[in-house]
Every structure is written in C-alpha cells, then in structure tokens.
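Only one structure is covered here, and it is reproduced in the block below.
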Amino acid sequence: FQPGVGLALLARRSLPQGDVALRIPRAVWLPFSADAARDSLHSRDGHALRRIEGLAASFSRAGANLTASALLCVELLREASHCSLYVGLLRQLTTIDAPLVWPPSLRATLLRGAGCARACESQAALCQSFAETLGPRHAHSPAAFAWAQALLLSRAHAGGGKPFALVPGLDLLNHAGDEASATIEYDTSGCGADT
C-alpha cells in the first residue's frame, strides 16, 4: 500500500507472456459471488429474493444481470456477512470516487451535457428502486446501495464465461486500458481464476 497510489501487486521479475502469475482458488472468490449471495439471501429471506427478482425482471433483457448485481450488493452491505472483513478493508484502503456516489446535485452539475450523465442517472434510479424494494433491513439506504453498486462496477469480474464475483487479489491488477499488464482468465473447471 502506498498513500496516494493505493494497493498493488508487483512481480519481482519479468514474466513471459502466458505465464500464470497468480491463481485465485474458487474457494476464495466463491463467497463473493452472485451465486453465493443468492443462496445467502434465499436462506435468510426468500421473500426479499423474490422481490429483487421481480423488480429486475421488469427491466427485460438486463433482468438477470440486475438480479446478480442487486444480490451481491445486499450481501456486501450485510454486517454479518462473510464479505464484511474484505469489504471493511476496501472501505479503509480505497475511495470510490464515481458519479454514482456523488450527491445528486453535484452529479447533475458536473455531468451536465456529458455522455455518461444518462447512464449515471439510470444507475442512481436503479439503486433507489432496489433500496425501496428491499427496505432498510437489506439495503440500508439508497446511498449505501449506490456505494455497493459502485464497488461492483469498479471491481467485479463477469462475462466471457466468468461468474459475476468480486475476486480478492484480482481487483489489485491492472487488467484494462492502455497500461494493461495482465489478462484474467477463468478456469471453467471451477478451479479458480488465473492471471
């Protein structure tokens, strides 16, 4: 950890392309997955799970993705969750400075005319809808739900056969953009995620 820079992993030597630098076993990331969050909420409150699925289904094509995201947000916010230690560490060591967590008036002012303004407002409205649907028992507040959603948008892995999950350790790697130095591959045998 370096102040002003954040957390990072650094190889001590150059690695040939294709080498596995880090392997995260399934047992490490599975508790931080949408599948585990679904099981957790189903066992605690099946009615809340059905409310999430119902609201997400009203958004047609995006319903399955929204359900997964909402379930993981609920689990991230739950204090008695197996996620709480990791999420607490993220709260201490990282700052999420994303439009989704900005106060609405600041977001409106700073994004006026920007291409992402509509998407940010849609995300904020979605967080509000899920928080209202779930109530304070599961979602805390729209702001807390927005924080969890922003955390997922900035750190979660999904797509290309990968399950939707936070993968502790992988969120420290530079894996996108011009300075990308790692690629992330999911082992379909369920063994883990390799970089």
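Going by the structure tokens order, chains are called A, B, ..., each with residues numbered from 1, while ligands are numbered from 1 in the order shown.
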Query - Long-range neighbours of Ala150 in chain A as a ChimeraX atom specification, 9 Å cut-off, only C-alpha atoms, 2 positions minimum in chain - result: /A:96-101,145-148,152-155
Those same residues, written as a PDB file, in the first residue's frame with N, CA and C atoms?
ATOM      1  N   ILE A  96     -13.977   5.265  -3.414  1.00  0.00           N
ATOM      2  CA  ILE A  96     -14.703   5.143  -4.669  1.00  0.00           C
ATOM      3  C   ILE A  96     -15.204   6.534  -5.024  1.00  0.00           C
ATOM      4  N   ASP A  97     -14.561   7.112  -6.006  1.00  0.00           N
ATOM      5  CA  ASP A  97     -14.955   8.442  -6.460  1.00  0.00           C
ATOM      6  C   ASP A  97     -15.600   8.275  -7.830  1.00  0.00           C
ATOM      7  N   ALA A  98     -16.829   7.838  -7.810  1.00  0.00           N
ATOM      8  CA  ALA A  98     -17.583   7.599  -9.037  1.00  0.00           C
ATOM      9  C   ALA A  98     -18.847   8.442  -8.999  1.00  0.00           C
ATOM     10  N   PRO A  99     -19.321   8.873 -10.162  1.00  0.00           N
ATOM     11  CA  PRO A  99     -20.526   9.705 -10.189  1.00  0.00           C
ATOM     12  C   PRO A  99     -21.716   9.092  -9.446  1.00  0.00           C
ATOM     13  N   LEU A 100     -21.789   7.786  -9.414  1.00  0.00           N
ATOM     14  CA  LEU A 100     -22.911   7.127  -8.751  1.00  0.00           C
ATOM     15  C   LEU A 100     -22.991   7.459  -7.263  1.00  0.00           C
ATOM     16  N   VAL A 101     -21.855   7.725  -6.619  1.00  0.00           N
ATOM     17  CA  VAL A 101     -21.855   8.008  -5.181  1.00  0.00           C
ATOM     18  C   VAL A 101     -21.748   9.500  -4.875  1.00  0.00           C
ATOM     19  N   PHE A 145     -26.591   1.488  -0.967  1.00  0.00           N
ATOM     20  CA  PHE A 145     -26.752   0.596  -2.115  1.00  0.00           C
ATOM     21  C   PHE A 145     -25.943   1.118  -3.304  1.00  0.00           C
ATOM     22  N   ALA A 146     -25.923   2.436  -3.514  1.00  0.00           N
ATOM     23  CA  ALA A 146     -25.137   3.036  -4.599  1.00  0.00           C
ATOM     24  C   ALA A 146     -23.650   2.790  -4.378  1.00  0.00           C
ATOM     25  N   TRP A 147     -23.183   2.884  -3.114  1.00  0.00           N
ATOM     26  CA  TRP A 147     -21.774   2.611  -2.825  1.00  0.00           C
ATOM     27  C   TRP A 147     -21.434   1.165  -3.201  1.00  0.00           C
ATOM     28  N   ALA A 148     -22.293   0.228  -2.801  1.00  0.00           N
ATOM     29  CA  ALA A 148     -22.040  -1.187  -3.125  1.00  0.00           C
ATOM     30  C   ALA A 148     -22.061  -1.402  -4.633  1.00  0.00           C
ATOM     31  N   LEU A 152     -18.994  -2.698  -7.101  1.00  0.00           N
ATOM     32  CA  LEU A 152     -19.098  -3.778  -8.086  1.00  0.00           C
ATOM     33  C   LEU A 152     -18.715  -3.293  -9.481  1.00  0.00           C
ATOM     34  N   LEU A 153     -19.173  -2.111  -9.869  1.00  0.00           N
ATOM     35  CA  LEU A 153     -18.854  -1.590 -11.197  1.00  0.00           C
ATOM     36  C   LEU A 153     -17.352  -1.402 -11.376  1.00  0.00           C
ATOM     37  N   SER A 154     -16.642  -1.086 -10.297  1.00  0.00           N
ATOM     38  CA  SER A 154     -15.214  -0.828 -10.409  1.00  0.00           C
ATOM     39  C   SER A 154     -14.343  -2.055 -10.134  1.00  0.00           C
ATOM     40  N   ARG A 155     -14.877  -3.095  -9.483  1.00  0.00           N
ATOM     41  CA  ARG A 155     -14.021  -4.203  -9.072  1.00  0.00           C
ATOM     42  C   ARG A 155     -14.483  -5.602  -9.452  1.00  0.00           C
TER      43      ARG A 155
END
Requested in this report: Apply DSSP to the backbone of this structure and, from range 80-148 of chain A, keep only the residues in helix (DSSP H, G or I); write these as a PyMOL selection string.
Outcome: chain A and resi 84-93+99-101+104-111+117-134+136-139+142-148
Report task. To one decimal in Å, tell me the separation between CA of Thr67 in chain A and CA of Leu89 in chain A. Result -> 25.3 Å
Name the residues in contact with Tyr86 in chain A at a cut-off of 12 Å, using only C-alpha atoms, excluding same-chain residues fewer than 2 positions from it; report them as a PDB file with N, CA and C atoms, in the first residue's frame.
ATOM      1  N   VAL A  28     -11.789 -19.133  -2.618  1.00  0.00           N
ATOM      2  CA  VAL A  28     -11.525 -17.768  -2.165  1.00  0.00           C
ATOM      3  C   VAL A  28     -12.578 -16.804  -2.706  1.00  0.00           C
ATOM      4  N   TRP A  29     -12.896 -16.893  -4.017  1.00  0.00           N
ATOM      5  CA  TRP A  29     -13.823 -15.917  -4.596  1.00  0.00           C
ATOM      6  C   TRP A  29     -15.284 -16.341  -4.556  1.00  0.00           C
ATOM      7  N   PRO A  31     -17.355 -17.126  -2.171  1.00  0.00           N
ATOM      8  CA  PRO A  31     -18.196 -16.415  -1.192  1.00  0.00           C
ATOM      9  C   PRO A  31     -18.549 -14.987  -1.616  1.00  0.00           C
ATOM     10  N   PHE A  32     -17.806 -14.424  -2.566  1.00  0.00           N
ATOM     11  CA  PHE A  32     -18.031 -13.060  -3.034  1.00  0.00           C
ATOM     12  C   PHE A  32     -18.734 -13.057  -4.390  1.00  0.00           C
ATOM     13  N   GLU A  75     -25.524  -8.518  -0.131  1.00  0.00           N
ATOM     14  CA  GLU A  75     -24.559  -9.295   0.660  1.00  0.00           C
ATOM     15  C   GLU A  75     -23.399  -8.420   1.116  1.00  0.00           C
ATOM     16  N   LEU A  76     -22.919  -7.530   0.269  1.00  0.00           N
ATOM     17  CA  LEU A  76     -21.815  -6.651   0.638  1.00  0.00           C
ATOM     18  C   LEU A  76     -22.182  -5.716   1.784  1.00  0.00           C
ATOM     19  N   LEU A  77     -23.445  -5.330   1.854  1.00  0.00           N
ATOM     20  CA  LEU A  77     -23.894  -4.394   2.889  1.00  0.00           C
ATOM     21  C   LEU A  77     -24.255  -5.071   4.202  1.00  0.00           C
ATOM     22  N   GLU A  79     -23.795  -6.692   7.540  1.00  0.00           N
ATOM     23  CA  GLU A  79     -22.700  -6.660   8.509  1.00  0.00           C
ATOM     24  C   GLU A  79     -22.265  -8.040   8.972  1.00  0.00           C
ATOM     25  N   SER A  81     -22.154 -10.631   7.194  1.00  0.00           N
ATOM     26  CA  SER A  81     -21.793 -11.387   6.006  1.00  0.00           C
ATOM     27  C   SER A  81     -20.357 -11.878   6.071  1.00  0.00           C
ATOM     28  N   HIS A  82     -20.088 -12.972   5.347  1.00  0.00           N
ATOM     29  CA  HIS A  82     -18.715 -13.449   5.200  1.00  0.00           C
ATOM     30  C   HIS A  82     -17.897 -12.439   4.391  1.00  0.00           C
ATOM     31  N   CYS A  83     -18.551 -11.509   3.707  1.00  0.00           N
ATOM     32  CA  CYS A  83     -17.879 -10.473   2.922  1.00  0.00           C
ATOM     33  C   CYS A  83     -17.408  -9.310   3.785  1.00  0.00           C
ATOM     34  N   SER A  84     -17.884  -9.208   5.017  1.00  0.00           N
ATOM     35  CA  SER A  84     -17.698  -7.988   5.800  1.00  0.00           C
ATOM     36  C   SER A  84     -16.224  -7.645   6.057  1.00  0.00           C
ATOM     37  N   GLY A  88     -14.825  -4.293   4.560  1.00  0.00           N
ATOM     38  CA  GLY A  88     -14.281  -3.340   5.527  1.00  0.00           C
ATOM     39  C   GLY A  88     -12.881  -2.888   5.144  1.00  0.00           C
ATOM     40  N   LEU A  89     -12.069  -3.824   4.679  1.00  0.00           N
ATOM     41  CA  LEU A  89     -10.718  -3.484   4.225  1.00  0.00           C
ATOM     42  C   LEU A  89     -10.787  -2.558   3.010  1.00  0.00           C
ATOM     43  N   LEU A  90     -11.673  -2.861   2.082  1.00  0.00           N
ATOM     44  CA  LEU A  90     -11.824  -1.994   0.912  1.00  0.00           C
ATOM     45  C   LEU A  90     -12.278  -0.595   1.317  1.00  0.00           C
ATOM     46  N   ARG A  91     -13.181  -0.504   2.289  1.00  0.00           N
ATOM     47  CA  ARG A  91     -13.649   0.811   2.754  1.00  0.00           C
ATOM     48  C   ARG A  91     -12.496   1.622   3.340  1.00  0.00           C
ATOM     49  N   GLN A  92     -11.568   0.952   4.043  1.00  0.00           N
ATOM     50  CA  GLN A  92     -10.453   1.646   4.674  1.00  0.00           C
ATOM     51  C   GLN A  92      -9.371   2.047   3.688  1.00  0.00           C
ATOM     52  N   LEU A  93      -9.109   1.202   2.696  1.00  0.00           N
ATOM     53  CA  LEU A  93      -7.955   1.413   1.828  1.00  0.00           C
ATOM     54  C   LEU A  93      -8.271   2.031   0.474  1.00  0.00           C
ATOM     55  N   THR A  94      -9.515   2.112   0.107  1.00  0.00           N
ATOM     56  CA  THR A  94      -9.850   2.666  -1.201  1.00  0.00           C
ATOM     57  C   THR A  94     -10.963   3.700  -1.068  1.00  0.00           C
ATOM     58  N   LEU A 166     -16.728 -10.625  -6.971  1.00  0.00           N
ATOM     59  CA  LEU A 166     -15.539  -9.898  -6.550  1.00  0.00           C
ATOM     60  C   LEU A 166     -14.476 -10.962  -6.316  1.00  0.00           C
ATOM     61  N   VAL A 167     -13.292 -10.742  -6.813  1.00  0.00           N
ATOM     62  CA  VAL A 167     -12.225 -11.731  -6.649  1.00  0.00           C
ATOM     63  C   VAL A 167     -11.086 -11.064  -5.889  1.00  0.00           C
ATOM     64  N   PRO A 168     -11.009 -11.294  -4.565  1.00  0.00           N
ATOM     65  CA  PRO A 168      -9.951 -10.657  -3.779  1.00  0.00           C
ATOM     66  C   PRO A 168      -8.571 -10.944  -4.381  1.00  0.00           C
ATOM     67  N   GLY A 169      -7.810  -9.890  -4.571  1.00  0.00           N
ATOM     68  CA  GLY A 169      -6.486 -10.007  -5.180  1.00  0.00           C
ATOM     69  C   GLY A 169      -6.517  -9.569  -6.632  1.00  0.00           C
ATOM     70  N   ASP A 171      -8.644  -7.692  -7.997  1.00  0.00           N
ATOM     71  CA  ASP A 171      -9.039  -6.291  -8.126  1.00  0.00           C
ATOM     72  C   ASP A 171      -7.852  -5.345  -7.959  1.00  0.00           C
TER      73      ASP A 171
END
**Report entry** Sel. of strand (DSSP E or B) residues, chain A, as a ChimeraX atom specification
**Finding:** /A:2,6,23-25,33,157-159,162-165,185-187,192-194
Take the selection from the previous step and output its residues with C-alpha atoms, as a PDB file, in the first residue's frame.
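Contents of the output file out32.pdb:
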ATOM      1  CA  GLN A   2       1.274   3.445  -0.925  1.00  0.00           C
ATOM      2  CA  GLY A   6      -3.416   2.575  -3.321  1.00  0.00           C
ATOM      3  CA  ARG A  23      -4.080 -18.187  -9.189  1.00  0.00           C
ATOM      4  CA  ILE A  24      -7.093 -17.445  -7.027  1.00  0.00           C
ATOM      5  CA  PRO A  25      -8.804 -20.676  -5.959  1.00  0.00           C
ATOM      6  CA  SER A  33     -20.101 -14.258  -5.997  1.00  0.00           C
ATOM      7  CA  HIS A 157     -15.444  -9.624 -12.729  1.00  0.00           C
ATOM      8  CA  ALA A 158     -18.008 -11.134 -15.086  1.00  0.00           C
ATOM      9  CA  GLY A 159     -18.663 -12.029 -18.690  1.00  0.00           C
ATOM     10  CA  LYS A 162     -16.696 -15.842 -15.783  1.00  0.00           C
ATOM     11  CA  PRO A 163     -19.148 -15.837 -12.878  1.00  0.00           C
ATOM     12  CA  PHE A 164     -20.185 -12.450 -11.508  1.00  0.00           C
ATOM     13  CA  ALA A 165     -17.978 -12.026  -8.450  1.00  0.00           C
ATOM     14  CA  GLU A 185      -8.821 -15.985 -17.413  1.00  0.00           C
ATOM     15  CA  TYR A 186     -11.438 -18.035 -15.660  1.00  0.00           C
ATOM     16  CA  ASP A 187     -10.815 -21.766 -15.435  1.00  0.00           C
ATOM     17  CA  GLY A 192     -10.234 -20.641  -9.946  1.00  0.00           C
ATOM     18  CA  ALA A 193      -9.226 -17.531 -11.839  1.00  0.00           C
ATOM     19  CA  ASP A 194      -5.767 -17.209 -13.371  1.00  0.00           C
TER      20      ASP A 194
END
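Minimum atom-to-atom distance to Pro136 in chain A, evaluated using only C-alpha atoms, belongs to A:Val74 out of A:Val74, A:Leu55, A:Ala11, A:Ala156.
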Query raised in the report: So which residues touch Gln123 in chain A within 9 Å, counting only C-alpha atoms, skipping near sequence neighbours fewer than 3 positions away, as a ChimeraX atom specification?
Result: /A:100,118-120,126-128,146,149
